[in-house]
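> This is the structure, below, for whatever I ask next.
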Number of protein chains: 2
Amino acid sequence: MADYRSIMNFTKKIKVCETSAFATALEGKGPSGKYLDAIVDEKRKDGQTWEQNEIETVKQTVKRLLEKSEKSDGDIGVLLGGDLMNQCTSCGYGLCDFDIPYLGLYGACSTFAEGLLIGGCLVQSGFTDSAVATASSHYCTAERQFRFPLSYGVFPQGTSQHTVTGCGAAYITETQDEKGIFLRSAATGFVIDRGITNASNMGAAMSTAAADTIMRFLKHEDKTLSHYDLVATGDLGEIGLKMTKDMLYSHGYDDNKGALNDCGLLIYDIKNQDVGCGGSGCGCSAVTFCSYIYDMMKKGLLKRVLLIGTGAMMSPSSLLQGMSIPAVAHLVEFEGVL
Amino acid sequence: MADYRSIMNFTKKIKVCETSAFATALEGKGPSGKYLDAIVDEKRKDGQTWEQNEIETVKQTVKRLLEKSEKSDGDIGVLLGGDLMNQCTSCGYGLCDFDIPYLGLYGACSTFAEGLLIGGCLVQSGFTDSAVATASSHYCTAERQFRFPLSYGVFPQGTSQHTVTGCGAAYITETQDEKGIFLRSAATGFVIDRGITNASNMGAAMSTAAADTIMRFLKHEDKTLSHYDLVATGDLGEIGLKMTKDMLYSHGYDDNKGALNDCGLLIYDIKNQDVGCGGSGCGCSAVTFCSYIYDMMKKGLLKRVLLIGTGAMMSPSSLLQGMSIPAVAHLVEFEGVL
C-alpha cells in the first residue's frame with residue numbers, strides 16, 4: 001500500500017511572488033546563467049575568507065529579493081534558510097542583519113525545497129502569511145568542509161559533481177490573486193541509505209530517495225510524469241539522474257515527454273564546462289529554481305513543475321569514520337496560471 | 001509598536017501525548033535525574049566513536065518514545081530533529097532507520113523548541129496529524145566540535161557551561177481529548193548578535209534573544225510572567241539567566257512568583273556538580289522538558305509552562321575567523337488540563 005504520510009495539497013492560495021538568484025561567472029556561463037540577478041566573485045578579497053564570501057552572498061541575495069518584491073523586513077513573516085557549512089554558518093550569519101524571525105534548517109542539498117515545504121505549511125496553518133526560503137553553497141567552502149582544501153590540489157573523481165557557488169531565495173505569500181506562480185503541494189521524504197560511502201558519488205547515494213518521493217507523490221496525485229512540463233531533481237547530476245530514471249521506468253513511470261531533468265544539469269553545460277557530472281550543493285536547486293525555472297514559468301513556457309530537492313546527510317566526521325551516506329528528498333509542486 | 005510576526009495560538013487541540021529522555025549518570029545525579037527514562041553510558045565501547053555513541057542514543061530515545069506511546073513507525077506523520085554536530089550527523093544517522101518522513105532542523109540549542117514549533121504548525125496546517133520532535137547533544141562530541149578535543153586537557157573557563165549528553169523526544173498529535181498536556185502557542189525568534197566572541201560565554205550571547213522573544217510573546221498575550229508556573233529558558237546557564245532576568249525587570253516584567261528558570265540549572269545541581277554555570281547543548285532543554293517538566297505537568301504540579309529554546313548560531317569556522325556569536329530563541333507554550 002502506498003504511504004501518503006506528510007504529503008499535502010495546500011488549500012490556501014500560496015503564490016511565489018518573486019525570486020532572486022546570485023552565482024559566479026561559472027554558473028553565469030551555464031544554461032541558466034542569463035536568468036541570474038547578479039554575478040558574484042567567489043574569490044576572497046581584502047582579507048575576506050571563503051566563508052565570509054558565502055555569508056555576504058546570502059545577505060545580498062535576500063536583500064535583492066526584498067528590493068525586487070518592494071518589501072521591507074517588516075513585511076516578511078519568517079525567514080527559512082540553511083546551507084552546507086558547519087552549523088549552517090552562511091545563513092546563521094548572512095541572515096542575522098534582517099529584522100525577520102528566523103528558522104534554521106538542515107536538509108543538505110534538499111534545504112531549499114524543505115524551506116518551501118515548511119514555509120508553505122506555516123502559511124497554510126495561519127502562523128504567518130508570508131515567508132522567504134533561501135539556501136546557499138560555495139565551491140571552496142564545501143570542498144574544504146567535505147573533501148579537501150582546494151590548495152591540496154586533489155583531482156576530482158569521475159563521479160564528482162561541482163558545488164554551485166551561489167544563493168537562491170524565494171518570497172511566498174498567501175494571496176487572493178487568480179494569476180501567478182502558485183505553490184500547490186509538498187511531500188516530505190524518508191531518509192534512505194543505499195550503503196554508498198564515497199563522498200564523490202553523491203548522485204548515486206541520493207537517487208533512491210528521489211525516486212521514492214517522486215513515486216509516492218505521483219501515486220497520491222494519481223498522475224504520471226507526463227502531466228508535468230518539468231520534473232527537476234536537484235542535485236543528482238548525470239549518474240544519479242540516470243539511476244533515478246531507471247528506478248522510475250522499472251516501476252512503470254515512463255518519461256514520454258522528457259519532463260525529467262536535474263538542477264545539476266540545468267545549471268551547467270557538463271559537456272563544455274569542467275564540472276564533472278553536474279552541479280551540486282544547497283545553492284544548486286535554489287539558484288536553478290530562482291533563475292531559469294521561475295523565469296520560464298513566468299513566461300508560460302513551463303506550466304506544471306515538480307522540484308525534488310535531494311540531500312545527502314553525511315558529515316566529514318561520519319565519512320572519516322567509515323559510515324555510509326543517508327539521503328532524503330523533499331518535493332514541492334508549482335503551477336503557473338497566466 | 002510590538003512585533004507580532006510569527007507568533008501563533010494554535011486553534012487545533014495539539015496534545016503532547018508522550019515524551020522520552022535518555023542521558024548519562026551525570027544528568028542522572030542532577031535534579032531532573034529521577035525523571036529520566038534511561039541512563040546511557042557516554043563512554044565509547046567496542047571501537048565505537050563518540051559520534052556513534054550519540055547516534056545510538058538518538059535512536060534508542062525515539063525507539064523508547066514509540067514503545068511508550070504504543071505506536072509504530074507508520075503511525076507517526078513526520079520526524080523533526082537536529083543536533084550540534086557537523087551537518088546534524090546524530091539525527092541524520094540516528095533517525096534514518098525509522099520508516100518516518102524526516103525534516104532536519106538546525107537551531108543550535110533552540111532545536112527542540114523549533115521542532116515543536118514547526119511540528120505544531122504542520123499539525124495545525126493539516127499536513128500531518130502527528131509529529132515527533134527530538135534533539136540531542138553529547139559532551140565529548142560537542143567539545144571536540146566547538147572547543148578542544150577532551151584529550152587536550154584544557155581547563156574550562158569560569159563562564160563555561162557543560163554540554164548535556166542526552167536526547168529528548170516528544171510525540172504530539174491532534175486530539176479531541178479534553179484532558180492532557182497541550183501545545184497552545186509558539187513564537188519564532190529573531191537572530192540577535194550582542195557581539196560576544198567567547199564560545200565559553202554562550203549564556204551571555206543568547207540572553208538578549210531570550211528576553212526579546214519572551215517580551216514579544218507576553219505582550220502579544222497581554223500576560224505577565226506570573227501567569228506561568230514555569231518560564232524555562234534553555235540553555236542560558238546561571239550568568240545568561242541573570243542577564244535575561246535583568247533585561248526583563250528593566251522592561252517592567254517582574255518575576256514575583258519566581259517562575260523564571262533555566263533548563264541548564266534544572267538539569268544539574270551547579271553547586272555540587274562540576275558543570276560550570278549549568279547545562280547546555282541541544283539535549284539540555286530537550287531532556288529537561290521530556291523528563292522533569294513533562295512529569296511535573298502530568299502530576300499537575302506545573303500547569304502553565306513556557307519553554308524558550310535558546311540557540312547560539314556560531315560554528316568552529318566562524319569562531320576561528322573572529323566572528324561574534326549570533327543567537328536566536330524560539331518559544332513554545334504548554335498547558336496542562338487534568
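Letters A, B, ... go to the chains of the C-alpha cells in the order shown; residues in each chain start at 1; ligands are counted from 1 in the same order.
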Taking only C-alpha atoms into account, what are the residues of chain B at most 6 Å from chain A, put as a JSON list (two decimals) with all heavy atoms, in the first residue's frame?

```json
[["chain", "number", "residue", "atom", "x", "y", "z"],
["B", 5, "ARG", "N", 4.92, 39.31, 14.52],
["B", 5, "ARG", "CA", 5.11, 38.36, 13.42],
["B", 5, "ARG", "C", 5.48, 36.98, 13.94],
["B", 5, "ARG", "O", 6.27, 36.85, 14.86],
["B", 5, "ARG", "CB", 6.23, 38.86, 12.50],
["B", 5, "ARG", "CG", 5.75, 39.84, 11.46],
["B", 5, "ARG", "CD", 6.91, 40.29, 10.63],
["B", 5, "ARG", "NE", 7.82, 41.12, 11.38],
["B", 5, "ARG", "CZ", 9.06, 41.41, 10.99],
["B", 5, "ARG", "NH1", 9.54, 40.89, 9.89],
["B", 5, "ARG", "NH2", 9.81, 42.20, 11.72],
["B", 6, "SER", "N", 4.95, 35.98, 13.28],
["B", 6, "SER", "CA", 5.29, 34.58, 13.57],
["B", 6, "SER", "C", 5.13, 34.21, 15.04],
["B", 6, "SER", "O", 5.98, 33.54, 15.64],
["B", 6, "SER", "CB", 6.70, 34.26, 13.05],
["B", 6, "SER", "OG", 6.70, 34.37, 11.63],
["B", 8, "MET", "N", 1.87, 32.52, 17.21],
["B", 8, "MET", "CA", 0.54, 31.96, 16.95],
["B", 8, "MET", "C", -0.03, 31.16, 18.11],
["B", 8, "MET", "O", 0.69, 30.45, 18.80],
["B", 8, "MET", "CB", 0.58, 31.05, 15.73],
["B", 8, "MET", "CG", -0.82, 30.56, 15.36],
["B", 8, "MET", "SD", -0.88, 30.01, 13.65],
["B", 8, "MET", "CE", -1.11, 28.27, 13.90],
["B", 77, "GLY", "N", 3.49, 10.89, 11.61],
["B", 77, "GLY", "CA", 3.47, 11.62, 10.34],
["B", 77, "GLY", "C", 4.83, 12.12, 9.90],
["B", 77, "GLY", "O", 5.20, 12.03, 8.73],
["B", 86, "ASN", "N", 28.47, 18.73, 13.15],
["B", 86, "ASN", "CA", 28.61, 18.98, 11.72],
["B", 86, "ASN", "C", 27.46, 18.37, 10.95],
["B", 86, "ASN", "O", 27.25, 17.15, 11.01],
["B", 86, "ASN", "CB", 29.85, 18.19, 11.26],
["B", 86, "ASN", "CG", 31.07, 19.02, 11.13],
["B", 86, "ASN", "OD1", 31.06, 20.15, 11.55],
["B", 86, "ASN", "ND2", 32.10, 18.45, 10.53],
["B", 87, "GLN", "N", 26.73, 19.19, 10.17],
["B", 87, "GLN", "CA", 25.71, 18.64, 9.28],
["B", 87, "GLN", "C", 24.72, 17.71, 10.00],
["B", 87, "GLN", "O", 24.19, 16.76, 9.42],
["B", 87, "GLN", "CB", 26.36, 17.90, 8.10],
["B", 87, "GLN", "CG", 27.03, 18.78, 7.07],
["B", 87, "GLN", "CD", 28.38, 19.33, 7.54],
["B", 87, "GLN", "OE1", 29.12, 18.63, 8.20],
["B", 87, "GLN", "NE2", 28.66, 20.57, 7.23],
["B", 92, "GLY", "N", 20.66, 12.82, 11.49],
["B", 92, "GLY", "CA", 20.67, 12.27, 10.12],
["B", 92, "GLY", "C", 20.87, 10.76, 10.12],
["B", 92, "GLY", "O", 20.20, 10.03, 9.40],
["B", 96, "CYS", "N", 17.61, 7.52, 10.66],
["B", 96, "CYS", "CA", 17.39, 7.01, 9.29],
["B", 96, "CYS", "C", 16.83, 5.60, 9.28],
["B", 96, "CYS", "O", 16.32, 5.16, 8.26],
["B", 96, "CYS", "CB", 18.64, 7.15, 8.43],
["B", 96, "CYS", "SG", 19.94, 5.98, 8.76],
["B", 101, "PRO", "N", 8.80, 9.96, 7.54],
["B", 101, "PRO", "CA", 9.33, 11.14, 6.84],
["B", 101, "PRO", "C", 10.11, 12.03, 7.79],
["B", 101, "PRO", "O", 9.75, 12.17, 8.96],
["B", 101, "PRO", "CB", 8.06, 11.85, 6.34],
["B", 101, "PRO", "CG", 7.05, 10.78, 6.21],
["B", 101, "PRO", "CD", 7.34, 9.82, 7.34],
["B", 102, "TYR", "N", 11.20, 12.64, 7.27],
["B", 102, "TYR", "CA", 12.14, 13.35, 8.14],
["B", 102, "TYR", "C", 12.41, 14.77, 7.65],
["B", 102, "TYR", "O", 12.71, 15.00, 6.48],
["B", 102, "TYR", "CB", 13.47, 12.57, 8.17],
["B", 102, "TYR", "CG", 14.59, 13.28, 8.89],
["B", 102, "TYR", "CD1", 14.54, 13.47, 10.26],
["B", 102, "TYR", "CD2", 15.70, 13.77, 8.19],
["B", 102, "TYR", "CE1", 15.58, 14.13, 10.93],
["B", 102, "TYR", "CE2", 16.74, 14.43, 8.85],
["B", 102, "TYR", "CZ", 16.66, 14.60, 10.22],
["B", 102, "TYR", "OH", 17.67, 15.25, 10.87],
["B", 104, "GLY", "N", 15.02, 17.81, 8.71],
["B", 104, "GLY", "CA", 16.17, 18.16, 9.54],
["B", 104, "GLY", "C", 16.18, 19.65, 9.87],
["B", 104, "GLY", "O", 15.88, 20.48, 9.03],
["B", 105, "LEU", "N", 16.50, 19.97, 11.12],
["B", 105, "LEU", "CA", 16.50, 21.36, 11.57],
["B", 105, "LEU", "C", 17.87, 21.73, 12.10],
["B", 105, "LEU", "O", 18.60, 20.87, 12.60],
["B", 105, "LEU", "CB", 15.47, 21.54, 12.70],
["B", 105, "LEU", "CG", 14.06, 21.03, 12.43],
["B", 105, "LEU", "CD1", 13.19, 21.25, 13.67],
["B", 105, "LEU", "CD2", 13.45, 21.72, 11.22],
["B", 106, "TYR", "N", 18.23, 23.02, 12.00],
["B", 106, "TYR", "CA", 19.39, 23.48, 12.75],
["B", 106, "TYR", "C", 19.09, 24.79, 13.46],
["B", 106, "TYR", "O", 19.02, 25.84, 12.84],
["B", 106, "TYR", "CB", 20.65, 23.63, 11.89],
["B", 106, "TYR", "CG", 21.80, 23.93, 12.81],
["B", 106, "TYR", "CD1", 22.36, 22.92, 13.56],
["B", 106, "TYR", "CD2", 22.22, 25.23, 13.04],
["B", 106, "TYR", "CE1", 23.34, 23.18, 14.49],
["B", 106, "TYR", "CE2", 23.21, 25.50, 13.97],
["B", 106, "TYR", "CZ", 23.76, 24.48, 14.70],
["B", 106, "TYR", "OH", 24.71, 24.74, 15.64],
["B", 107, "GLY", "N", 18.87, 24.70, 14.74],
["B", 107, "GLY", "CA", 18.63, 25.88, 15.56],
["B", 107, "GLY", "C", 19.58, 25.89, 16.74],
["B", 107, "GLY", "O", 19.28, 26.51, 17.77],
["B", 121, "CYS", "N", 2.83, 23.66, 13.85],
["B", 121, "CYS", "CA", 2.30, 24.31, 12.64],
["B", 121, "CYS", "C", 1.96, 23.29, 11.57],
["B", 121, "CYS", "O", 0.98, 23.46, 10.83],
["B", 121, "CYS", "CB", 3.31, 25.33, 12.10],
["B", 121, "CYS", "SG", 3.48, 26.77, 13.15],
["B", 122, "LEU", "N", 2.75, 22.21, 11.47],
["B", 122, "LEU", "CA", 2.45, 21.17, 10.48],
["B", 122, "LEU", "C", 1.12, 20.49, 10.83],
["B", 122, "LEU", "O", 0.31, 20.19, 9.95],
["B", 122, "LEU", "CB", 3.57, 20.13, 10.42],
["B", 122, "LEU", "CG", 4.94, 20.59, 9.90],
["B", 122, "LEU", "CD1", 5.95, 19.45, 9.93],
["B", 122, "LEU", "CD2", 4.85, 21.15, 8.48],
["B", 124, "GLN", "N", -1.31, 21.90, 12.72],
["B", 124, "GLN", "CA", -2.33, 22.95, 12.53],
["B", 124, "GLN", "C", -2.71, 23.10, 11.06],
["B", 124, "GLN", "O", -3.87, 23.31, 10.70],
["B", 124, "GLN", "CB", -1.78, 24.27, 13.08],
["B", 124, "GLN", "CG", -2.66, 25.49, 12.85],
["B", 124, "GLN", "CD", -3.89, 25.53, 13.77],
["B", 124, "GLN", "OE1", -3.83, 25.08, 14.90],
["B", 124, "GLN", "NE2", -4.99, 26.05, 13.27],
["B", 125, "SER", "N", -1.71, 22.97, 10.16],
["B", 125, "SER", "CA", -1.95, 23.17, 8.72],
["B", 125, "SER", "C", -2.68, 22.00, 8.08],
["B", 125, "SER", "O", -3.15, 22.11, 6.95],
["B", 125, "SER", "CB", -0.62, 23.38, 7.99],
["B", 125, "SER", "OG", 0.09, 22.17, 7.89],
["B", 127, "PHE", "N", -1.11, 19.22, 7.35],
["B", 127, "PHE", "CA", -0.08, 18.49, 6.61],
["B", 127, "PHE", "C", 0.09, 17.09, 7.20],
["B", 127, "PHE", "O", 0.34, 16.12, 6.49],
["B", 127, "PHE", "CB", 1.23, 19.27, 6.70],
["B", 127, "PHE", "CG", 2.36, 18.74, 5.88],
["B", 127, "PHE", "CD1", 2.36, 18.91, 4.50],
["B", 127, "PHE", "CD2", 3.44, 18.10, 6.46],
["B", 127, "PHE", "CE1", 3.42, 18.44, 3.72],
["B", 127, "PHE", "CE2", 4.49, 17.63, 5.69],
["B", 127, "PHE", "CZ", 4.48, 17.80, 4.32],
["B", 128, "THR", "N", -0.02, 16.99, 8.51],
["B", 128, "THR", "CA", 0.09, 15.72, 9.22],
["B", 128, "THR", "C", -0.75, 15.83, 10.48],
["B", 128, "THR", "O", -1.06, 16.94, 10.91],
["B", 128, "THR", "CB", 1.56, 15.42, 9.59],
["B", 128, "THR", "OG1", 1.63, 14.20, 10.31],
["B", 128, "THR", "CG2", 2.15, 16.51, 10.48],
["B", 188, "THR", "N", 8.36, 32.49, 16.99],
["B", 188, "THR", "CA", 9.68, 32.36, 16.37],
["B", 188, "THR", "C", 10.56, 33.52, 16.78],
["B", 188, "THR", "O", 10.09, 34.66, 16.85],
["B", 188, "THR", "CB", 9.54, 32.37, 14.83],
["B", 188, "THR", "OG1", 8.49, 31.48, 14.47],
["B", 188, "THR", "CG2", 10.82, 31.95, 14.16],
["B", 189, "GLY", "N", 11.83, 33.26, 17.01],
["B", 189, "GLY", "CA", 12.75, 34.31, 17.44],
["B", 189, "GLY", "C", 13.42, 35.03, 16.28],
["B", 189, "GLY", "O", 13.46, 34.54, 15.15],
["B", 190, "PHE", "N", 13.93, 36.22, 16.59],
["B", 190, "PHE", "CA", 14.79, 36.99, 15.68],
["B", 190, "PHE", "C", 16.24, 36.65, 16.03],
["B", 190, "PHE", "O", 16.55, 36.40, 17.20],
["B", 190, "PHE", "CB", 14.59, 38.50, 15.89],
["B", 190, "PHE", "CG", 13.25, 39.01, 15.41],
["B", 190, "PHE", "CD1", 12.09, 38.78, 16.13],
["B", 190, "PHE", "CD2", 13.16, 39.75, 14.24],
["B", 190, "PHE", "CE1", 10.86, 39.26, 15.70],
["B", 190, "PHE", "CE2", 11.94, 40.23, 13.79],
["B", 190, "PHE", "CZ", 10.79, 39.99, 14.53],
["B", 191, "VAL", "N", 17.11, 36.67, 15.02],
["B", 191, "VAL", "CA", 18.53, 36.45, 15.32],
["B", 191, "VAL", "C", 19.13, 37.76, 15.83],
["B", 191, "VAL", "O", 19.00, 38.81, 15.21],
["B", 191, "VAL", "CB", 19.30, 35.97, 14.07],
["B", 191, "VAL", "CG1", 20.76, 35.71, 14.42],
["B", 191, "VAL", "CG2", 18.67, 34.71, 13.51],
["B", 313, "MET", "N", 24.32, 30.55, 17.22],
["B", 313, "MET", "CA", 24.44, 30.08, 15.84],
["B", 313, "MET", "C", 25.86, 30.13, 15.29],
["B", 313, "MET", "O", 26.05, 30.20, 14.08],
["B", 313, "MET", "CB", 23.52, 30.93, 14.95],
["B", 313, "MET", "CG", 22.10, 31.08, 15.45],
["B", 313, "MET", "SD", 21.20, 29.53, 15.49],
["B", 313, "MET", "CE", 20.80, 29.39, 13.75],
["B", 315, "SER", "N", 29.83, 28.70, 14.53],
["B", 315, "SER", "CA", 30.43, 27.43, 14.14],
["B", 315, "SER", "C", 31.92, 27.50, 14.49],
["B", 315, "SER", "O", 32.44, 28.59, 14.74],
["B", 315, "SER", "CB", 30.27, 27.21, 12.64],
["B", 315, "SER", "OG", 31.14, 28.07, 11.92]]
```
> Using only C-alpha atoms, determine which residues lie at most 10 Å from Gly30 of chain B, disregarding the query and same-chain residues fewer than 6 positions distant; provide the list as an NGL selection string.
:B and (265-270 or 272-273)
> Can you spit out the residues from that selection as a PDB file, in the first residue's frame, using C-alpha atoms?

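Generated file (selection-v6.pdb):
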```pdb
ATOM      1  CA  LEU B 265      20.024  24.878  36.046  1.00  0.00           C
ATOM      2  CA  LEU B 266      17.135  22.403  36.247  1.00  0.00           C
ATOM      3  CA  ILE B 267      19.220  19.542  34.825  1.00  0.00           C
ATOM      4  CA  TYR B 268      22.314  19.994  37.019  1.00  0.00           C
ATOM      5  CA  ASP B 269      22.945  20.984  40.629  1.00  0.00           C
ATOM      6  CA  ILE B 270      25.577  23.582  39.786  1.00  0.00           C
ATOM      7  CA  ASN B 272      27.536  20.342  43.843  1.00  0.00           C
ATOM      8  CA  GLN B 273      28.259  19.123  40.311  1.00  0.00           C
TER       9      GLN B 273
END
```
> Please identify all polymer residues within 9 Å of segment 37-47 of chain B, counting only C-alpha atoms, omitting same-chain residues fewer than 4 positions from it, and present them as a list of chain:residue names.
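The contact residues come out as B:Ser20, B:Ala21, B:Phe22, B:Ala23, B:Thr24, B:Ala25, B:Glu27, B:Gly28, B:Gly33, B:Gln52, B:Asn53, B:Glu54, B:Thr57, B:Thr61, B:Arg64, B:His138, B:Tyr139, B:Cys140, B:Thr165, B:Gly166, B:Ser291.
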> Assign secondary structure with DSSP using the backbone only, and return the residues of segment 179-219 of chain B in strand (DSSP E or B) as a list in words.
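Those residues are Gly180, Ile181, Phe182, Leu183, Arg184, Ser185, Ala186, Ala187, Phe190, Ile192 and Asp193 of chain B.
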> How about saving the chosen residues, all heavy atoms kept, as an mmCIF file, in the first residue's frame?

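Listing of result_33.cif after writing:
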```
data_model
loop_
_atom_site.group_PDB
_atom_site.id
_atom_site.type_symbol
_atom_site.label_atom_id
_atom_site.label_comp_id
_atom_site.auth_asym_id
_atom_site.auth_seq_id
_atom_site.Cartn_x
_atom_site.Cartn_y
_atom_site.Cartn_z
ATOM 1 N N GLY B 180 -5.180 16.614 29.269
ATOM 2 C CA GLY B 180 -3.826 16.267 28.848
ATOM 3 C C GLY B 180 -2.921 17.478 28.891
ATOM 4 O O GLY B 180 -3.292 18.541 29.409
ATOM 5 N N ILE B 181 -1.723 17.308 28.366
ATOM 6 C CA ILE B 181 -0.775 18.422 28.242
ATOM 7 C C ILE B 181 -0.889 18.926 26.801
ATOM 8 O O ILE B 181 -0.668 18.163 25.860
ATOM 9 C CB ILE B 181 0.688 17.964 28.492
ATOM 10 C CG1 ILE B 181 0.787 17.028 29.692
ATOM 11 C CG2 ILE B 181 1.621 19.163 28.615
ATOM 12 C CD1 ILE B 181 0.393 17.618 30.999
ATOM 13 N N PHE B 182 -1.233 20.184 26.616
ATOM 14 C CA PHE B 182 -1.464 20.724 25.277
ATOM 15 C C PHE B 182 -0.396 21.741 24.876
ATOM 16 O O PHE B 182 0.085 22.517 25.711
ATOM 17 C CB PHE B 182 -2.847 21.384 25.195
ATOM 18 C CG PHE B 182 -3.964 20.402 25.414
ATOM 19 C CD1 PHE B 182 -4.548 20.255 26.673
ATOM 20 C CD2 PHE B 182 -4.407 19.597 24.374
ATOM 21 C CE1 PHE B 182 -5.562 19.327 26.892
ATOM 22 C CE2 PHE B 182 -5.421 18.669 24.575
ATOM 23 C CZ PHE B 182 -5.998 18.529 25.834
ATOM 24 N N LEU B 183 -0.052 21.694 23.580
ATOM 25 C CA LEU B 183 0.819 22.705 22.978
ATOM 26 C C LEU B 183 -0.113 23.818 22.506
ATOM 27 O O LEU B 183 -0.915 23.618 21.597
ATOM 28 C CB LEU B 183 1.568 22.075 21.794
ATOM 29 C CG LEU B 183 2.509 22.955 20.973
ATOM 30 C CD1 LEU B 183 3.637 23.515 21.820
ATOM 31 C CD2 LEU B 183 3.094 22.144 19.803
ATOM 32 N N ARG B 184 -0.043 24.984 23.153
ATOM 33 C CA ARG B 184 -1.024 26.037 22.909
ATOM 34 C C ARG B 184 -0.564 27.091 21.906
ATOM 35 O O ARG B 184 -1.364 27.566 21.115
ATOM 36 C CB ARG B 184 -1.353 26.749 24.228
ATOM 37 C CG ARG B 184 -2.068 25.885 25.241
ATOM 38 C CD ARG B 184 -3.448 25.514 24.770
ATOM 39 N NE ARG B 184 -4.249 24.996 25.887
ATOM 40 C CZ ARG B 184 -5.290 24.181 25.733
ATOM 41 N NH1 ARG B 184 -5.662 23.777 24.512
ATOM 42 N NH2 ARG B 184 -5.967 23.753 26.778
ATOM 43 N N SER B 185 0.689 27.502 22.001
ATOM 44 C CA SER B 185 1.168 28.629 21.194
ATOM 45 C C SER B 185 2.633 28.433 20.851
ATOM 46 O O SER B 185 3.319 27.589 21.448
ATOM 47 C CB SER B 185 1.049 29.948 21.973
ATOM 48 O OG SER B 185 -0.216 30.081 22.553
ATOM 49 N N ALA B 186 3.086 29.246 19.894
ATOM 50 C CA ALA B 186 4.506 29.217 19.534
ATOM 51 C C ALA B 186 4.915 30.586 19.017
ATOM 52 O O ALA B 186 4.102 31.314 18.449
ATOM 53 C CB ALA B 186 4.767 28.148 18.480
ATOM 54 N N ALA B 187 6.176 30.934 19.229
ATOM 55 C CA ALA B 187 6.708 32.213 18.740
ATOM 56 C C ALA B 187 8.118 31.995 18.208
ATOM 57 O O ALA B 187 8.963 31.396 18.882
ATOM 58 C CB ALA B 187 6.736 33.243 19.865
ATOM 59 N N PHE B 190 13.928 36.222 16.587
ATOM 60 C CA PHE B 190 14.791 36.986 15.678
ATOM 61 C C PHE B 190 16.241 36.655 16.027
ATOM 62 O O PHE B 190 16.547 36.404 17.195
ATOM 63 C CB PHE B 190 14.586 38.496 15.888
ATOM 64 C CG PHE B 190 13.253 39.015 15.413
ATOM 65 C CD1 PHE B 190 12.091 38.782 16.130
ATOM 66 C CD2 PHE B 190 13.157 39.747 14.241
ATOM 67 C CE1 PHE B 190 10.864 39.263 15.697
ATOM 68 C CE2 PHE B 190 11.941 40.232 13.795
ATOM 69 C CZ PHE B 190 10.786 39.992 14.526
ATOM 70 N N ILE B 192 19.763 37.688 17.006
ATOM 71 C CA ILE B 192 20.337 38.877 17.643
ATOM 72 C C ILE B 192 21.803 38.599 17.974
ATOM 73 O O ILE B 192 22.134 37.564 18.545
ATOM 74 C CB ILE B 192 19.543 39.239 18.924
ATOM 75 C CG1 ILE B 192 18.109 39.637 18.548
ATOM 76 C CG2 ILE B 192 20.244 40.361 19.698
ATOM 77 C CD1 ILE B 192 17.198 39.901 19.727
ATOM 78 N N ASP B 193 22.666 39.529 17.593
ATOM 79 C CA ASP B 193 24.106 39.371 17.826
ATOM 80 C C ASP B 193 24.572 40.469 18.789
ATOM 81 O O ASP B 193 24.558 41.650 18.457
ATOM 82 C CB ASP B 193 24.839 39.477 16.477
ATOM 83 C CG ASP B 193 26.307 39.068 16.591
ATOM 84 O OD1 ASP B 193 26.864 39.152 17.698
ATOM 85 O OD2 ASP B 193 26.872 38.669 15.566
#
```
> Using only C-alpha atoms, which residues sit within 7 Å of segment 293-308 of chain A once same-chain residues fewer than 4 positions away are excluded, as a list in words?
Ala113, Ala210, Tyr228, Asp229, Leu230, Val231, Ala232, Thr233, Gly234, Thr288, Phe289, Ala329, His330, Leu331, Val332, Glu333, Phe334, Glu335, Gly336 and Leu338 of chain A
> Among segment 160-260 of chain A, which ones does DSSP assign to helix (DSSP H, G or I) (computed from the backbone)? Answer as a PyMOL selection string.
chain A and resi 202-221+225-227+237-250
> List as JSON, numbers by chain the protein and nucleic acid residues near Asp235 of chain A, meaning an atom at most 9 Å away when only C-alpha atoms are counted, but skip any in the same chain fewer than 5 places from it.
{"A": [109, 110, 161, 202, 203, 206, 240, 241, 262, 263, 264, 265, 278, 279, 280, 281, 282, 284, 285, 308, 309, 310, 311]}
> Atom CA of Ser226 of chain B and atom CA of Ile239 of chain B are how many Å apart?
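Value for the atom CA of Ser226 of chain B-atom CA of Ile239 of chain B distance: 21.9 Å.
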> Please measure the separation of atom CA of Val16 of chain B and atom CA of Gly283 of chain B, giving the value in Å to one decimal.
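Separation between atom CA of Val16 of chain B and atom CA of Gly283 of chain B: 18.2 Å.
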> What does the structure give for the distance between atom CA of Ser250 of chain B and atom CA of Cys277 of chain B, in Å to one decimal?
23.2 Å
> What's the 9 Å shell around Asp254 of chain B, counting only C-alpha atoms, without same-chain residues fewer than 3 positions away, as a ChimeraX atom specification?
/B:224-226,245,248-251,257-258
> Could you give me, as a list in words, the residues within 10 Å of Glu178 of chain A, counting only C-alpha atoms and dropping anything in the same chain fewer than 6 positions from it?
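My list of contacting residues is Lys13, Lys15, Val337 and Leu338 of chain A.
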> For the residues selected in the previous step, produce a file with N, CA, C and O atoms as a tab-separated table (two decimals), in the first residue's frame.

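Result went into again_27.tsv, see below:
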```tsv
chain	number	residue	atom	x	y	z
A	13	LYS	N	-4.35	29.64	-1.30
A	13	LYS	CA	-3.59	30.01	-2.49
A	13	LYS	C	-2.26	30.63	-2.04
A	13	LYS	O	-2.25	31.70	-1.44
A	15	LYS	N	1.29	32.00	-3.29
A	15	LYS	CA	1.92	32.48	-4.52
A	15	LYS	C	3.43	32.67	-4.33
A	15	LYS	O	3.86	33.19	-3.29
A	337	VAL	N	-0.30	30.00	-13.55
A	337	VAL	CA	-1.60	30.36	-14.13
A	337	VAL	C	-1.45	31.78	-14.68
A	337	VAL	O	-1.31	32.73	-13.91
A	338	LEU	N	-1.44	31.90	-15.99
A	338	LEU	CA	-1.14	33.22	-16.61
A	338	LEU	C	-2.39	33.84	-17.24
A	338	LEU	O	-3.38	33.17	-17.46
```
